[in-house]
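Participant: What follows is coords.tsv, made up of TSV, C-alpha atoms and all ligand atoms:
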chain	number	residue	atom	x	y	z
A	173	MET	CA	-35.44	32.85	73.31
A	174	SER	CA	-33.68	29.74	72.08
A	175	GLU	CA	-29.90	29.81	71.73
A	176	ILE	CA	-30.17	28.98	68.02
A	177	HIS	CA	-33.14	31.16	67.18
A	178	ALA	CA	-31.18	33.26	64.66
A	179	GLN	CA	-29.79	30.21	62.88
A	180	ARG	CA	-33.24	28.61	62.66
A	181	GLU	CA	-34.55	31.75	60.97
A	182	GLN	CA	-31.54	31.94	58.67
A	183	LEU	CA	-32.05	28.34	57.57
A	184	GLN	CA	-35.73	28.98	56.90
A	185	GLU	CA	-34.82	31.97	54.77
A	186	LEU	CA	-32.18	29.95	52.94
A	187	THR	CA	-34.74	27.21	52.26
A	188	GLN	CA	-37.19	29.71	50.88
A	189	ALA	CA	-34.54	31.26	48.68
A	190	ALA	CA	-32.71	28.10	47.55
A	191	LEU	CA	-35.60	25.93	46.41
A	192	PRO	CA	-36.96	28.46	43.85
A	193	GLU	CA	-33.41	29.04	42.62
A	194	ILE	CA	-33.01	25.32	41.99
A	195	GLU	CA	-36.30	25.26	40.14
A	196	ALA	CA	-35.30	28.28	38.06
A	197	ALA	CA	-32.08	26.68	36.75
A	198	THR	CA	-32.38	25.95	33.01
A	199	ASN	CA	-29.17	24.00	32.56
A	200	LEU	CA	-26.77	21.80	34.53
A	201	LYS	CA	-24.16	24.53	34.81
A	202	ASP	CA	-26.55	27.01	36.44
A	203	LEU	CA	-27.84	24.26	38.69
A	204	ASP	CA	-24.37	23.45	39.91
A	205	ALA	CA	-23.77	27.13	40.63
A	206	VAL	CA	-26.77	27.02	43.01
A	207	ARG	CA	-25.27	24.00	44.78
A	208	VAL	CA	-21.95	25.75	45.25
A	209	LYS	CA	-23.67	28.90	46.50
A	210	TYR	CA	-25.55	27.08	49.28
A	211	MET	CA	-23.76	23.81	49.95
A	212	GLY	CA	-20.20	24.54	48.81
A	213	ARG	CA	-17.28	24.61	51.23
A	214	SER	CA	-17.63	28.37	51.72
A	215	GLY	CA	-21.33	28.40	50.89
A	216	LEU	CA	-24.18	29.98	52.87
A	217	VAL	CA	-24.96	26.87	54.94
A	218	THR	CA	-21.34	26.59	56.07
A	219	GLU	CA	-21.61	30.21	57.20
A	220	VAL	CA	-24.58	29.31	59.46
A	221	SER	CA	-22.67	26.37	60.97
A	222	LYS	CA	-19.79	28.54	62.06
A	223	VAL	CA	-21.47	29.29	65.40
A	224	MET	CA	-21.51	25.56	66.22
A	225	LYS	CA	-18.32	25.65	68.30
A	226	ASP	CA	-19.73	28.34	70.60
A	227	LEU	CA	-23.04	26.55	71.31
A	228	SER	CA	-24.02	24.69	74.45
A	229	ASN	CA	-24.12	20.92	74.42
A	230	GLU	CA	-27.93	20.93	74.15
A	231	ALA	CA	-28.12	23.46	71.33
A	232	ARG	CA	-25.39	21.89	69.19
A	233	PRO	CA	-27.34	18.76	68.13
A	234	GLN	CA	-30.45	20.87	67.61
A	235	LEU	CA	-28.66	23.06	65.08
A	236	GLY	CA	-27.15	19.92	63.57
A	237	GLN	CA	-30.65	18.53	63.10
A	238	LEU	CA	-31.88	21.76	61.49
A	239	MET	CA	-28.97	21.77	59.11
A	240	ASN	CA	-29.61	18.15	58.17
A	241	ASP	CA	-33.24	19.01	57.46
A	242	PHE	CA	-32.09	21.84	55.20
A	243	ARG	CA	-29.62	19.55	53.40
A	244	ASN	CA	-32.26	16.87	52.93
A	245	SER	CA	-34.85	19.13	51.40
A	246	PHE	CA	-32.19	20.88	49.27
A	247	THR	CA	-30.80	17.57	48.00
A	248	GLN	CA	-34.21	16.13	47.24
A	249	VAL	CA	-35.24	19.08	45.08
A	250	PHE	CA	-31.73	19.39	43.62
A	251	ASP	CA	-31.53	15.71	42.57
A	252	ALA	CA	-34.95	15.80	40.94
A	253	LYS	CA	-34.03	18.93	39.01
A	254	LYS	CA	-30.66	17.45	38.01
A	255	GLU	CA	-32.29	14.34	36.64
A	256	GLU	CA	-34.78	16.45	34.71
A	257	LEU	CA	-32.04	18.64	33.19
A	258	GLU	CA	-29.83	15.63	32.33
A	259	GLU	CA	-32.70	14.00	30.52
A	260	ALA	CA	-33.39	17.23	28.63
A	261	ALA	CA	-29.69	17.51	27.67
A	262	LEU	CA	-29.69	13.91	26.44
A	263	GLN	CA	-32.81	14.49	24.36
A	264	GLU	CA	-31.24	17.60	22.85
A	265	GLN	CA	-28.07	15.70	21.97
A	266	LEU	CA	-30.03	12.85	20.41
A	267	ALA	CA	-32.04	15.31	18.35
A	268	SER	CA	-28.93	17.12	17.11
A	269	GLU	CA	-27.11	13.88	16.24
A	270	ALA	CA	-30.05	12.22	14.58
A	271	ILE	CA	-29.09	10.22	11.48
A	272	ASP	CA	-31.21	10.56	8.41
A	273	VAL	CA	-31.14	7.00	7.15
A	274	THR	CA	-32.76	8.06	3.90
A	275	LEU	CA	-29.70	10.14	2.85
A	276	PRO	CA	-27.54	8.52	0.16
A	277	GLY	CA	-24.32	6.99	1.58
A	278	ARG	CA	-20.82	8.40	0.96
A	279	LYS	CA	-18.98	6.20	-1.49
A	280	PRO	CA	-15.53	5.19	-0.20
A	281	THR	CA	-12.68	5.78	-2.65
A	282	ILE	CA	-11.31	2.39	-3.62
A	283	GLY	CA	-7.96	2.09	-5.34
A	284	ALA	CA	-7.20	-0.37	-8.10
A	285	ARG	CA	-4.17	-2.36	-9.13
A	286	HIS	CA	-1.89	-0.41	-11.47
A	287	ILE	CA	-2.06	-1.42	-15.11
A	288	ILE	CA	1.59	-2.58	-15.01
A	289	THR	CA	0.76	-4.82	-12.03
A	290	GLN	CA	-2.29	-6.16	-13.86
A	291	THR	CA	-0.17	-6.86	-16.95
A	292	MET	CA	2.55	-8.58	-14.93
A	293	GLU	CA	0.00	-10.75	-13.13
A	294	GLU	CA	-1.59	-11.72	-16.44
A	295	ILE	CA	1.83	-12.81	-17.75
A	296	GLU	CA	2.62	-14.65	-14.50
A	297	ASP	CA	-0.70	-16.55	-14.69
A	298	LEU	CA	0.07	-17.57	-18.23
A	299	PHE	CA	3.47	-19.04	-17.34
A	300	ILE	CA	2.18	-20.65	-14.13
A	301	GLY	CA	-0.30	-22.41	-16.46
A	302	MET	CA	2.69	-23.77	-18.40
A	303	GLY	CA	4.29	-25.18	-15.24
A	304	TYR	CA	6.73	-22.38	-14.38
A	305	GLN	CA	7.41	-21.33	-10.79
A	306	ILE	CA	7.78	-17.69	-9.76
A	307	ILE	CA	11.04	-16.72	-8.07
A	308	GLU	CA	11.85	-13.19	-6.92
A	309	GLY	CA	15.33	-11.73	-6.53
A	310	PRO	CA	16.79	-8.67	-4.79
A	311	GLU	CA	16.62	-5.25	-6.46
A	312	VAL	CA	19.89	-4.23	-4.78
A	313	GLU	CA	22.19	-6.80	-6.33
A	314	LEU	CA	25.80	-7.89	-6.33
A	315	ASP	CA	27.91	-7.14	-9.41
A	316	LEU	CA	28.76	-10.84	-9.23
A	317	TYR	CA	25.22	-11.96	-10.15
A	318	ASN	CA	24.18	-8.96	-12.27
A	319	PHE	CA	27.23	-9.09	-14.54
A	320	GLU	CA	30.00	-11.59	-13.71
A	321	MET	CA	27.87	-14.73	-13.62
A	322	MET	CA	25.98	-13.52	-16.69
A	323	ASN	CA	29.25	-13.74	-18.60
A	324	LEU	CA	29.84	-10.00	-18.45
A	325	PRO	CA	33.22	-9.74	-16.73
A	326	GLN	CA	34.76	-6.43	-15.59
A	327	ASN	CA	35.47	-4.13	-18.56
A	328	HIS	CA	33.30	-6.16	-20.97
A	329	PRO	CA	32.04	-3.65	-23.57
A	330	ALA	CA	28.46	-4.98	-23.35
A	331	ARG	CA	28.28	-3.58	-19.80
A	332	ASP	CA	27.89	-0.19	-21.45
A	333	MET	CA	24.43	-1.19	-22.74
A	334	GLN	CA	23.26	-1.44	-19.12
A	335	ASP	CA	24.79	1.53	-17.36
A	336	SER	CA	23.76	1.29	-13.75
A	337	PHE	CA	23.35	2.99	-10.39
A	338	TYR	CA	26.22	1.74	-8.21
A	339	ILE	CA	26.07	1.70	-4.42
A	340	ASP	CA	29.73	0.75	-4.23
A	341	SER	CA	32.05	-1.11	-6.62
A	342	GLU	CA	30.46	-4.47	-5.68
A	343	VAL	CA	26.79	-3.52	-5.19
A	344	LEU	CA	24.35	-1.92	-7.63
A	345	LEU	CA	20.65	-1.54	-8.44
A	346	ARG	CA	20.13	-4.49	-10.78
A	347	THR	CA	19.98	-3.55	-14.46
A	348	HIS	CA	17.95	-6.57	-15.49
A	349	THR	CA	16.23	-9.59	-13.90
A	350	SER	CA	18.87	-11.95	-15.35
A	351	PRO	CA	20.85	-12.19	-12.04
A	352	VAL	CA	17.93	-14.26	-10.72
A	353	GLN	CA	18.94	-16.85	-13.34
A	354	ALA	CA	22.34	-17.27	-11.67
A	355	ARG	CA	20.88	-17.37	-8.15
A	356	THR	CA	18.24	-19.94	-9.16
A	357	MET	CA	20.63	-22.18	-11.10
A	358	LEU	CA	23.02	-22.30	-8.14
A	359	ALA	CA	20.21	-23.32	-5.81
A	360	HIS	CA	18.48	-25.84	-8.08
A	361	ASN	CA	18.74	-29.57	-7.55
A	362	PHE	CA	18.31	-31.29	-10.93
A	363	GLU	CA	17.60	-34.62	-9.30
A	364	GLU	CA	14.21	-33.10	-8.44
A	365	GLY	CA	13.47	-32.30	-12.10
A	366	PRO	CA	14.12	-29.59	-14.69
A	367	LEU	CA	14.32	-25.89	-13.79
A	368	LYS	CA	11.40	-23.79	-15.08
A	369	MET	CA	11.00	-20.36	-13.59
A	370	ILE	CA	9.98	-16.79	-14.26
A	371	SER	CA	11.14	-13.85	-12.20
A	372	PRO	CA	9.19	-10.58	-12.30
A	373	GLY	CA	10.45	-7.35	-10.75
A	374	LYS	CA	11.81	-3.83	-10.94
A	375	VAL	CA	15.06	-2.99	-12.71
A	376	PHE	CA	17.06	0.22	-12.97
A	377	ARG	CA	19.27	1.75	-15.63
A	378	ARG	CA	20.96	5.05	-16.15
A	379	ASP	CA	18.88	5.48	-19.33
A	380	ASN	CA	17.58	8.83	-20.47
A	381	ASP	CA	13.80	8.82	-20.15
A	382	ASP	CA	11.85	9.09	-23.40
A	383	ALA	CA	8.62	7.67	-24.85
A	384	THR	CA	9.84	4.05	-24.67
A	385	HIS	CA	12.61	4.25	-22.02
A	386	SER	CA	12.39	4.81	-18.30
A	387	HIS	CA	15.29	4.76	-15.78
A	388	GLN	CA	13.18	2.43	-13.63
A	389	PHE	CA	11.05	-0.18	-15.34
A	390	HIS	CA	10.03	-3.84	-15.04
A	391	GLN	CA	11.21	-7.09	-16.50
A	392	ILE	CA	10.05	-10.66	-16.38
A	393	GLU	CA	12.89	-13.12	-16.70
A	394	GLY	CA	12.20	-16.63	-17.95
A	395	LEU	CA	14.55	-19.60	-17.63
A	396	VAL	CA	14.21	-23.27	-18.48
A	397	VAL	CA	17.15	-25.65	-17.98
A	398	ASP	CA	16.73	-29.30	-18.89
A	399	LYS	CA	18.19	-31.91	-21.24
A	400	LYS	CA	17.86	-31.06	-24.96
A	401	ILE	CA	16.34	-27.58	-24.74
A	402	THR	CA	16.53	-25.94	-28.18
A	403	LEU	CA	15.59	-22.74	-29.96
A	404	ALA	CA	12.41	-24.52	-31.11
A	405	ASP	CA	11.26	-24.78	-27.46
A	406	LEU	CA	11.95	-21.07	-27.03
A	407	LYS	CA	10.06	-20.10	-30.17
A	408	GLY	CA	7.08	-22.33	-29.33
A	409	THR	CA	6.85	-20.95	-25.78
A	410	LEU	CA	7.05	-17.34	-26.91
A	411	LEU	CA	4.43	-17.90	-29.61
A	412	VAL	CA	1.98	-19.28	-27.01
A	413	PHE	CA	2.78	-16.29	-24.79
A	414	ALA	CA	2.22	-13.75	-27.59
A	415	GLN	CA	-1.01	-15.36	-28.80
A	416	GLN	CA	-2.52	-15.60	-25.34
A	417	LEU	CA	-1.62	-12.02	-24.54
A	418	PHE	CA	-2.34	-10.30	-27.84
A	419	GLY	CA	-4.79	-12.65	-29.61
A	420	GLU	CA	-4.87	-15.89	-31.58
A	421	ASP	CA	-3.77	-14.25	-34.86
A	422	GLN	CA	-0.61	-12.86	-33.32
A	423	GLU	CA	2.63	-13.77	-35.05
A	424	ILE	CA	6.16	-13.45	-33.71
A	425	ARG	CA	9.49	-12.86	-35.41
A	426	LEU	CA	12.92	-13.84	-34.12
A	427	ARG	CA	15.82	-11.60	-35.19
A	428	PRO	CA	19.47	-12.44	-34.51
A	429	SER	CA	20.89	-10.38	-31.68
A	430	TYR	CA	23.65	-10.40	-29.08
A	431	PHE	CA	23.64	-10.97	-25.34
A	432	PRO	CA	26.79	-12.28	-23.62
A	433	PHE	CA	24.71	-14.74	-21.57
A	434	THR	CA	22.92	-16.43	-24.50
A	435	GLU	CA	24.19	-18.05	-27.70
A	436	PRO	CA	22.49	-17.79	-30.10
A	437	SER	CA	20.64	-14.65	-29.02
A	438	VAL	CA	17.48	-13.20	-30.51
A	439	GLU	CA	15.24	-10.18	-30.22
A	440	VAL	CA	11.59	-11.09	-30.43
A	441	ASP	CA	9.07	-8.91	-32.23
A	442	VAL	CA	5.28	-9.21	-32.26
A	443	SER	CA	3.20	-8.07	-35.21
A	444	CYS	CA	1.90	-4.56	-34.66
A	445	PHE	CA	-1.36	-4.42	-32.67
A	446	ASN	CA	-2.34	-1.26	-34.50
A	447	CYS	CA	-1.95	-2.20	-38.18
A	448	GLY	CA	-1.75	-6.00	-37.97
A	449	GLY	CA	1.57	-5.98	-39.85
A	450	ASP	CA	0.87	-3.57	-42.71
A	451	GLY	CA	3.07	-0.82	-41.24
A	452	CYS	CA	1.99	2.31	-39.40
A	453	SER	CA	3.38	5.10	-37.24
A	454	VAL	CA	3.24	2.98	-34.04
A	455	CYS	CA	5.60	0.32	-35.47
A	456	SER	CA	7.75	2.78	-37.48
A	457	ARG	CA	6.25	1.33	-40.71
A	458	THR	CA	7.88	-2.07	-40.10
A	459	GLY	CA	4.76	-4.01	-39.06
A	460	TRP	CA	6.67	-5.39	-36.03
A	461	ILE	CA	7.33	-4.26	-32.43
A	462	GLU	CA	10.15	-5.55	-30.19
A	463	ILE	CA	9.09	-6.83	-26.78
A	464	LEU	CA	11.88	-9.02	-25.48
A	465	GLY	CA	15.37	-10.40	-25.69
A	466	ALA	CA	16.02	-14.14	-25.51
A	467	GLY	CA	18.32	-16.99	-26.45
A	468	ILE	CA	19.89	-20.31	-25.61
A	469	VAL	CA	21.75	-20.07	-22.30
A	470	HIS	CA	25.49	-19.72	-22.93
A	471	PRO	CA	27.37	-22.87	-21.80
A	472	LYS	CA	29.73	-20.64	-19.77
A	473	VAL	CA	26.74	-19.34	-17.74
A	474	LEU	CA	25.65	-22.91	-17.00
A	475	GLU	CA	29.16	-23.89	-15.96
A	476	MET	CA	29.60	-20.86	-13.67
A	477	ALA	CA	26.46	-22.13	-11.90
A	478	ASN	CA	27.97	-25.64	-11.58
A	479	ILE	CA	25.70	-27.17	-14.25
A	480	ASP	CA	27.22	-29.68	-16.66
A	481	ALA	CA	26.80	-27.99	-20.06
A	482	THR	CA	27.45	-31.26	-21.90
A	483	LYS	CA	24.34	-32.76	-20.28
A	484	TYR	CA	22.03	-29.78	-19.89
A	485	SER	CA	20.99	-26.85	-22.03
A	486	GLY	CA	18.72	-23.93	-21.32
A	487	MET	CA	16.58	-21.20	-22.84
A	488	ALA	CA	16.10	-17.77	-21.35
A	489	PHE	CA	14.16	-14.63	-22.10
A	490	GLY	CA	13.73	-11.19	-20.57
A	491	LEU	CA	10.63	-9.28	-21.47
A	492	GLY	CA	9.53	-5.75	-20.63
A	493	PRO	CA	5.99	-5.69	-19.24
A	494	ASP	CA	5.91	-1.89	-19.47
A	495	ARG	CA	6.36	-2.18	-23.24
A	496	VAL	CA	3.84	-5.06	-23.35
A	497	ALA	CA	1.26	-2.87	-21.56
A	498	MET	CA	2.02	0.00	-23.98
A	499	LEU	CA	1.30	-2.29	-26.90
A	500	LYS	CA	-1.73	-4.00	-25.41
A	501	TYR	CA	-3.43	-0.77	-24.37
A	502	ALA	CA	-2.04	1.56	-27.08
A	503	VAL	CA	-0.26	3.83	-24.58
A	504	GLU	CA	2.01	6.10	-26.61
A	505	ASP	CA	4.42	7.15	-23.82
A	506	ILE	CA	5.91	4.93	-21.08
A	507	ARG	CA	6.11	7.92	-18.71
A	508	HIS	CA	2.31	7.93	-18.37
A	509	PHE	CA	2.65	4.81	-16.22
A	510	TYR	CA	4.71	6.63	-13.58
A	511	GLN	CA	3.19	10.09	-13.39
A	512	ASN	CA	0.22	9.18	-11.15
A	513	ASP	CA	-2.22	11.17	-13.24
A	514	LEU	CA	-5.59	9.82	-12.08
A	515	ARG	CA	-7.18	10.64	-15.45
A	516	PHE	CA	-4.76	8.07	-16.92
A	517	THR	CA	-4.75	5.40	-14.20
A	518	ARG	CA	-8.55	5.39	-13.76
A	519	GLN	CA	-8.97	4.23	-17.35
A	520	PHE	CA	-7.57	0.86	-16.32
A	521	GLN	CA	-9.58	0.25	-13.16
A	522	GLY	CA	-11.95	-2.05	-14.99
A	523	GLY	CA	-13.51	-3.26	-11.73
A	524	GLN	CA	-10.25	-4.96	-10.73
A	525	ASN	CA	-9.10	-3.96	-7.27
B	1	LIG	C1	18.01	-7.60	-21.22
B	1	LIG	O1	17.86	-6.86	-20.24
B	1	LIG	C2	18.33	-9.03	-21.12
B	1	LIG	N1	18.63	-9.35	-19.73
B	1	LIG	C3	17.16	-9.85	-21.62
B	1	LIG	C4	17.48	-11.28	-21.81
B	1	LIG	C5	17.20	-12.18	-20.79
B	1	LIG	C6	18.09	-11.72	-23.00
B	1	LIG	C7	17.51	-13.53	-20.97
B	1	LIG	C8	18.39	-13.04	-23.16
B	1	LIG	C9	18.10	-13.94	-22.17
B	1	LIG	P1	17.32	-5.73	-22.96
B	1	LIG	O2	18.25	-4.68	-22.45
B	1	LIG	O3	17.08	-5.78	-24.42
B	1	LIG	O4	17.78	-7.18	-22.51
B	1	LIG	O5	15.92	-5.51	-22.20
B	1	LIG	C10	14.88	-6.45	-22.33
B	1	LIG	C11	13.54	-5.72	-22.48
B	1	LIG	O6	13.39	-4.78	-21.40
B	1	LIG	C12	13.43	-4.89	-23.74
B	1	LIG	O7	12.98	-5.69	-24.84
B	1	LIG	C13	12.39	-3.87	-23.36
B	1	LIG	O8	11.09	-4.44	-23.46
B	1	LIG	C14	12.69	-3.64	-21.90
B	1	LIG	N2	13.50	-2.44	-21.68
B	1	LIG	C15	14.84	-2.28	-21.81
B	1	LIG	N3	15.24	-1.04	-21.47
B	1	LIG	C16	14.12	-0.38	-21.08
B	1	LIG	C17	13.86	0.94	-20.59
B	1	LIG	N4	14.82	1.83	-20.36
B	1	LIG	N5	12.57	1.27	-20.31
B	1	LIG	C18	11.58	0.36	-20.49
B	1	LIG	N6	11.76	-0.89	-20.93
B	1	LIG	C19	13.02	-1.28	-21.23
Could you write out this file's structure as structure tokens?

Facilitator:
Amino acid sequence: MSEIHAQREQLQELTQAALPEIEAATNLKDLDAVRVKYMGRSGLVTEVSKVMKDLSNEARPQLGQLMNDFRNSFTQVFDAKKEELEEAALQEQLASEAIDVTLPGRKPTIGARHIITQTMEEIEDLFIGMGYQIIEGPEVELDLYNFEMMNLPQNHPARDMQDSFYIDSEVLLRTHTSPVQARTMLAHNFEEGPLKMISPGKVFRRDNDDATHSHQFHQIEGLVVDKKITLADLKGTLLVFAQQLFGEDQEIRLRPSYFPFTEPSVEVDVSCFNCGGDGCSVCSRTGWIEILGAGIVHPKVLEMANIDATKYSGMAFGLGPDRVAMLKYAVEDIRHFYQNDLRFTRQFQGGQN
């Protein structure tokens, strides 16, 4: 009897057992378990090969050949089955991930520009059309620009009207956009032409919040410095502004007022959008609503910015776009703008993103 008779029989039995097991596997995991069982490092075929070291030189290659034959037939059937199961798994995955192209799409949520932003951009466009440039200034500002250079020295009583949030004794959150006037005047070269700018941005005051006051709100500063600027230029400009924003029939009214940085100073009212001037609850029965402060730039302010006040004069205004938006869209409480209530903000989407 041959030296490797037992191994030959074992391998035949393994072949007869392994091939049906491969065929019976229904998924890749079970199939791999069959491979490990027969061909793994401590699998059944390795067991058979353990006698190899005790065999004669003639028998050793013979057993090697038999084992190769087993491996070849195992691998052939195994690979075919693996391919078949992989294809089936792929088909299953494709079927489960199928996209129904006839389903309606999911609409992405698209935000829109806030109504205050829209209002400010409308005002900016209007002044750009009149030849103004837009200049922005810092929200954290020096006392020097916010007050001193606006002719509001330390301990000036008018500082009380703009109580602020101080960072330290020199630095504060700006209380108005007027400091941009000082910064721009200092930087302007009049040999290149007159100065015409607006400056939109956020301002902060230690005001108690109510229907028309917020501790953080917006202003748009306007400043023109040239030769022979008068109150007539200011009135004409503000009338164009009011009529473009609120309608051709809009009238404006200038009332004497006081700001330390303008002389004379005025408060500007527009006729009430709600009653057209007859008097109603929106305008406290006066027919008018205040939207901005303005005036002729005080000569001291020009001089502090190194501008010769005997040669040049200026007009300035500071308007509140929050109040403008309240008037334009009949919003009865300024706090609505800042509460992020989607039922409110969605009313102003108007297709503008
Ligand atoms: C000023 O702030 C001046 N700097 C405006 C100015 C500029 C005058 C240039 C002359 C020349 P006043 O404090 O009045 O002025 O504010 C201007 C506008 O800001 C007001 O008409 C109003 O529309 C708005 N405003 C003021 N306080 C608040 C507040 N707490 N909440 C919302 N809007 C406000």

Participant: I'd like the contact shell of Phe489 (chain A) - 10 Å cut-off, all atoms listed in the file, skipping same-chain residues fewer than 4 positions apart - returned as a ChimeraX atom specification.

Facilitator: /A:349-350,370,391-396,406,410,434,437-440,464-469

Participant: Can you write out the residues you just picked, keeping C-alpha atoms, as a PDB file, keeping the file's coordinate frame?

Facilitator:
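For reference, part.pdb as written:
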ATOM      1  CA  THR A 349      16.230  -9.590 -13.900  1.00  0.00           C
ATOM      2  CA  SER A 350      18.870 -11.950 -15.350  1.00  0.00           C
ATOM      3  CA  ILE A 370       9.980 -16.790 -14.260  1.00  0.00           C
ATOM      4  CA  GLN A 391      11.210  -7.090 -16.500  1.00  0.00           C
ATOM      5  CA  ILE A 392      10.050 -10.660 -16.380  1.00  0.00           C
ATOM      6  CA  GLU A 393      12.890 -13.120 -16.700  1.00  0.00           C
ATOM      7  CA  GLY A 394      12.200 -16.630 -17.950  1.00  0.00           C
ATOM      8  CA  LEU A 395      14.550 -19.600 -17.630  1.00  0.00           C
ATOM      9  CA  VAL A 396      14.210 -23.270 -18.480  1.00  0.00           C
ATOM     10  CA  LEU A 406      11.950 -21.070 -27.030  1.00  0.00           C
ATOM     11  CA  LEU A 410       7.050 -17.340 -26.910  1.00  0.00           C
ATOM     12  CA  THR A 434      22.920 -16.430 -24.500  1.00  0.00           C
ATOM     13  CA  SER A 437      20.640 -14.650 -29.020  1.00  0.00           C
ATOM     14  CA  VAL A 438      17.480 -13.200 -30.510  1.00  0.00           C
ATOM     15  CA  GLU A 439      15.240 -10.180 -30.220  1.00  0.00           C
ATOM     16  CA  VAL A 440      11.590 -11.090 -30.430  1.00  0.00           C
ATOM     17  CA  LEU A 464      11.880  -9.020 -25.480  1.00  0.00           C
ATOM     18  CA  GLY A 465      15.370 -10.400 -25.690  1.00  0.00           C
ATOM     19  CA  ALA A 466      16.020 -14.140 -25.510  1.00  0.00           C
ATOM     20  CA  GLY A 467      18.320 -16.990 -26.450  1.00  0.00           C
ATOM     21  CA  ILE A 468      19.890 -20.310 -25.610  1.00  0.00           C
ATOM     22  CA  VAL A 469      21.750 -20.070 -22.300  1.00  0.00           C
TER      23      VAL A 469
END

Participant: Give me the residues within 10 Å of Arg518 (chain A) as a short mmCIF file (atom, residue, chain, number, x, y, z; two decimals) with C-alpha atoms, in the coordinates of the input, counting all atoms listed in the file and dropping any in the same chain fewer than 2 places off.

Facilitator:
data_model
loop_
_atom_site.label_atom_id
_atom_site.label_comp_id
_atom_site.auth_asym_id
_atom_site.auth_seq_id
_atom_site.Cartn_x
_atom_site.Cartn_y
_atom_site.Cartn_z
CA GLY A 283 -7.96 2.09 -5.34
CA ALA A 284 -7.20 -0.37 -8.10
CA HIS A 286 -1.89 -0.41 -11.47
CA ILE A 287 -2.06 -1.42 -15.11
CA ASN A 512 0.22 9.18 -11.15
CA ASP A 513 -2.22 11.17 -13.24
CA LEU A 514 -5.59 9.82 -12.08
CA ARG A 515 -7.18 10.64 -15.45
CA PHE A 516 -4.76 8.07 -16.92
CA PHE A 520 -7.57 0.86 -16.32
CA GLN A 521 -9.58 0.25 -13.16
CA GLY A 522 -11.95 -2.05 -14.99
#

Participant: Please report the interatomic distance between CA of Val454 (chain A) and CA of Leu298 (chain A) in Å with one decimal.

Facilitator: 26.1 Å

Participant: Out of A:Val412, A:Leu344, A:Ile307, A:Ile288, which residue has the shortest atom-to-atom distance to ligand LIG 1 (chain B) when counting all atoms listed in the file?

Facilitator: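 When distances to ligand LIG 1 (chain B) are compared using all atoms listed in the file, the smallest one comes from A:Ile288.
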
Participant: From the set A:Leu227, A:Ile339, A:Ala178, A:Val375, which residue has the shortest atom-to-atom contact distance to ligand LIG 1 (chain B), counting only C-alpha atoms and all ligand atoms?

Facilitator: A:Val375

Participant: So for region 200-203 of chain A, what box centre and size do we get, axis-aligned, 3 Å extra on each of the six sides, every listed atom, Å to one decimal, as JSON?

Facilitator:
{"center_x": -26.0, "center_y": 24.4, "center_z": 36.6, "size_x": 9.7, "size_y": 11.2, "size_z": 10.2}

Participant: Do you have the atom C1 of ligand LIG 1 (chain B)-CA of Gly451 (chain A) distance handy?

Facilitator: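 Computed distance, atom C1 of ligand LIG 1 (chain B) to CA of Gly451 (chain A), equals 25.9 Å.
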
Participant: Mind checking which residues fall within 7 Å of Asp398 (chain A), counting all atoms listed in the file, ignoring those fewer than 5 positions away in the same chain, and posting them as a ChimeraX atom specification?

Facilitator: /A:366-367,484-486

Participant: How would you write as a PyMOL selection string the residues that get within 10 Å of (-24.0, 29.2, 63.1) in the file's frame, counting all atoms listed in the file?

Facilitator: chain A and resi 176+178-180+182-183+217-227+232+235-236+239

Participant: May I have the protein, DNA and RNA residues with any atom at most 6 Å from the point (7.5, -15.9, -28.2), counting only C-alpha atoms, written as a list in words?

Facilitator: Lys407, Thr409, Leu410, Leu411, Phe413 and Ala414 of chain A

Participant: Grab the CA of Ser174 (chain A) to CA of Arg207 (chain A) distance for me, in Å with one decimal place.

Facilitator: 29.1 Å

Participant: Nearest to Met292 (chain A) among A:Lys472, A:Lys374, A:Arg346, A:Lys209, with distances taken over all atoms listed in the file: which residue is it?

Facilitator: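 Result for the nearest residue to Met292 (chain A): A:Lys374.
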